[in-house]
Amino acid sequence: MNKREKVSFKKLIPLWIYLLFLLVPIYWLVNMSFKTNTEILGGLTLFPQDFTLANYKVIFTDESWYSGYINSLYYVSLNMVISLSVALPAAYAFSRYRFLGDKHLFFWLLTNRMAPPAVFLLPFFQLYSSIGLFDTHIAVALAHCLFNVPLAVWILEGFMSGVPKEIDETAYIDGYSFPKFFGKIFIPLIGSGIGVTAFFCFMFSWVELLLARTLTSVNAKPIAAVMTRTVSASGIDWGVLAAAGVLTILPGMLVIWFVRNHVVKGFALGRV
Amino acid sequence: MTKVQNNKAWWLVLPVFLLVAFSAIIPMMTVVNYSVQDIFDQSSRYFVGADWFRQVLQDPRLHDSLLRQFIYSACVLLIEIPLGIGIALTMPTKGRWSSLCLIVMTIPLLIPFNVVGTIWQIFGRGDIGLLGWVLNDVLGISYNYAANASDAWVTVLVIDVWHWTSLVALLCYSGLRAIPDVYYQAARIDRASNWAVFRHIQLPKMKSVLLIAVMLRFMDSFMIYTEPFVLTGGGPGNSTTFLSQTLTTMALGQFDLGPAAAFSLVYFLIILLVSWVFYTAMTHSEKN
């Protein structure tokens, strides 16, 4: 037993190195966020010698800073709700029925990921300005649907195909209408799938910056755009920049913590 | 699963169709519109036909950044795909460690693109970053991503590997988990070597997820914008100015909307074409 454990430990060394490679840059950011600027620029220290929360205090007491987080969380949640509510019926259609143009439609949905965002920014800006949605949370949420909805349909379709069709048929025989069957029976069955999908929608909407920055100016400005404020004439405020960076990682970690069992299950089923 | 033919299913798909069409077709048509006109301001615009296309296809600056882009994407795929497969194969399949691995590996995926750039901007600096300090002062390798073109290029590549290898690994892991244990038992009875197990059981079963991984990584690395922009602003020189950035400078900086739009359509077609080649090549080899 002991010998076997040793062997498997040795086999895992490359994996530990990889995980370390992932974590060290993040550790450095966290480390820096607890330092004063004099310590950061003064020399290299592996741990904060002069531990301070001042950088975080700057963010939590200045409205233009913390409103960035609220804006980002707001449009990300909106996007998750919209994406899931339109993707659920569509994924059901793709997993259960054949219909005119289904394959083409699916491929067309996926091609929307392939449009280079750089030059599409201006048309997006014009489109949302012309319908009066510029600088609103809903504009960013709708724009992010462009890449999140196809992904959501695709992931949910995988989960739904795993549910035997007999369940649908039995429910219809028992007199369930489609909406009632869908809400009462089907959705609880694919709970993990919805968890995983929500996680992916959160992820892609949270990390996206180009569209979010283009479609907002003040009221819905995302945190990632607020971060550019740390660069001023007197140089970069490294401590606050690091603290803001750490705070952008935290929501993601919270989400992954809450859906971890679903995600692990989703991956283990080989469905994601 | 046998599917029933039912065109009423369109009603279920309609919301998705309308929502995506709104955000996809209108901006796309606007870009097409730009690409065939010469625009001075709101009132004076002239139809120029295919002039912009002819011009951008001969522009050496665009050729350079297109070439840089292809080399970069090729490097990304050559590093991330084998590395991701390797990691997926060594990941523990059960217990607390496997959950821990999964969670740690998803962390880089959840960091906004510009924060990724910031993290590495700090991490790589010679004066305040651990990486820059270790390379310069401990190992004695002169490294400065802000001044040396090849250092900057390698740094952008390392960032991408750091950021996205996990995605490849997680997709492969989920493909591997879908292999029933019976397959491995059969391989053990046949005394198949590890390589044979990989070649004939694991790789074929991973094919569909690998297809997704390759396509996603190709598309996203081909459109990379934020990380090099935050890290070096495209410099030093033009070493990390990739295609998206050239186009953005053209469209928003110099307001050359026509040529920028024309080239972004070409860009889109290149991505579509390469994705299609990957797709058919991989589905074709599956049939054989």
# chains A, B, ... in the order shown; residues from 1 in each chain; ligands from 1
$ interface_residues --of "chain A" --to "chain B" --cutoff "7 Å" --atoms "only C-alpha atoms" --output "ChimeraX atom specification"
/A:12,15,22,25,28-29,40-41,43-44,86-87,89-90,93,96-100,112,114-116,118-120,123-124,143,145-146,203,206-208,224,245,248-249,252-253,264,267-272
$ residues_around --residues "Ile39 of chain B" --least-positions-apart "4" --cutoff "10 Å" --atoms "only C-alpha atoms" --output "number ranges by chain"
B: 34-35, 43-48, 255-258
$ atom_distance --atom1 "atom CA of His63 of chain B" --atom2 "atom CA of Leu157 of chain B"
20.5 Å
$ atom_distance --atom1 "atom CA of Val158 of chain B" --atom2 "atom CA of Leu211 of chain B"
22.6 Å
$ residues_around --residues "Ala212 of chain A" --least-positions-apart "5" --cutoff "8 Å" --atoms "only C-alpha atoms" --output "number ranges by chain"
A: 140, 221-222
$ atom_distance --atom1 "atom CA of Leu78 of chain A" --atom2 "atom CA of Thr136 of chain A"
11.5 Å
$ select_by_dssp --residues "segment 39-265 of chain A" --states "helix (DSSP H, G or I)" --output "ChimeraX atom specification"
/A:39-42,54-61,63-96,102-114,117-130,137-161,165-173,178-189,191-207,210-214,223-230,238-258,260-265
$ closest_residue --among "B:Val36, B:Phe198, B:Ser73, B:Glu80" --to "Gln55 of chain B" --atoms "only C-alpha atoms"
B:Val36
$ residues_around --residues "Gly235 of chain B" --least-positions-apart "4" --cutoff "9 Å" --atoms "only C-alpha atoms" --output "PyMOL selection string"
chain B and resi 146-149+152+228-229+231+239-241
$ closest_residue --among "A:Asn55, A:Ser67, A:Thr38, A:Asn148" --to "Val81 of chain A" --atoms "only C-alpha atoms"
A:Asn148
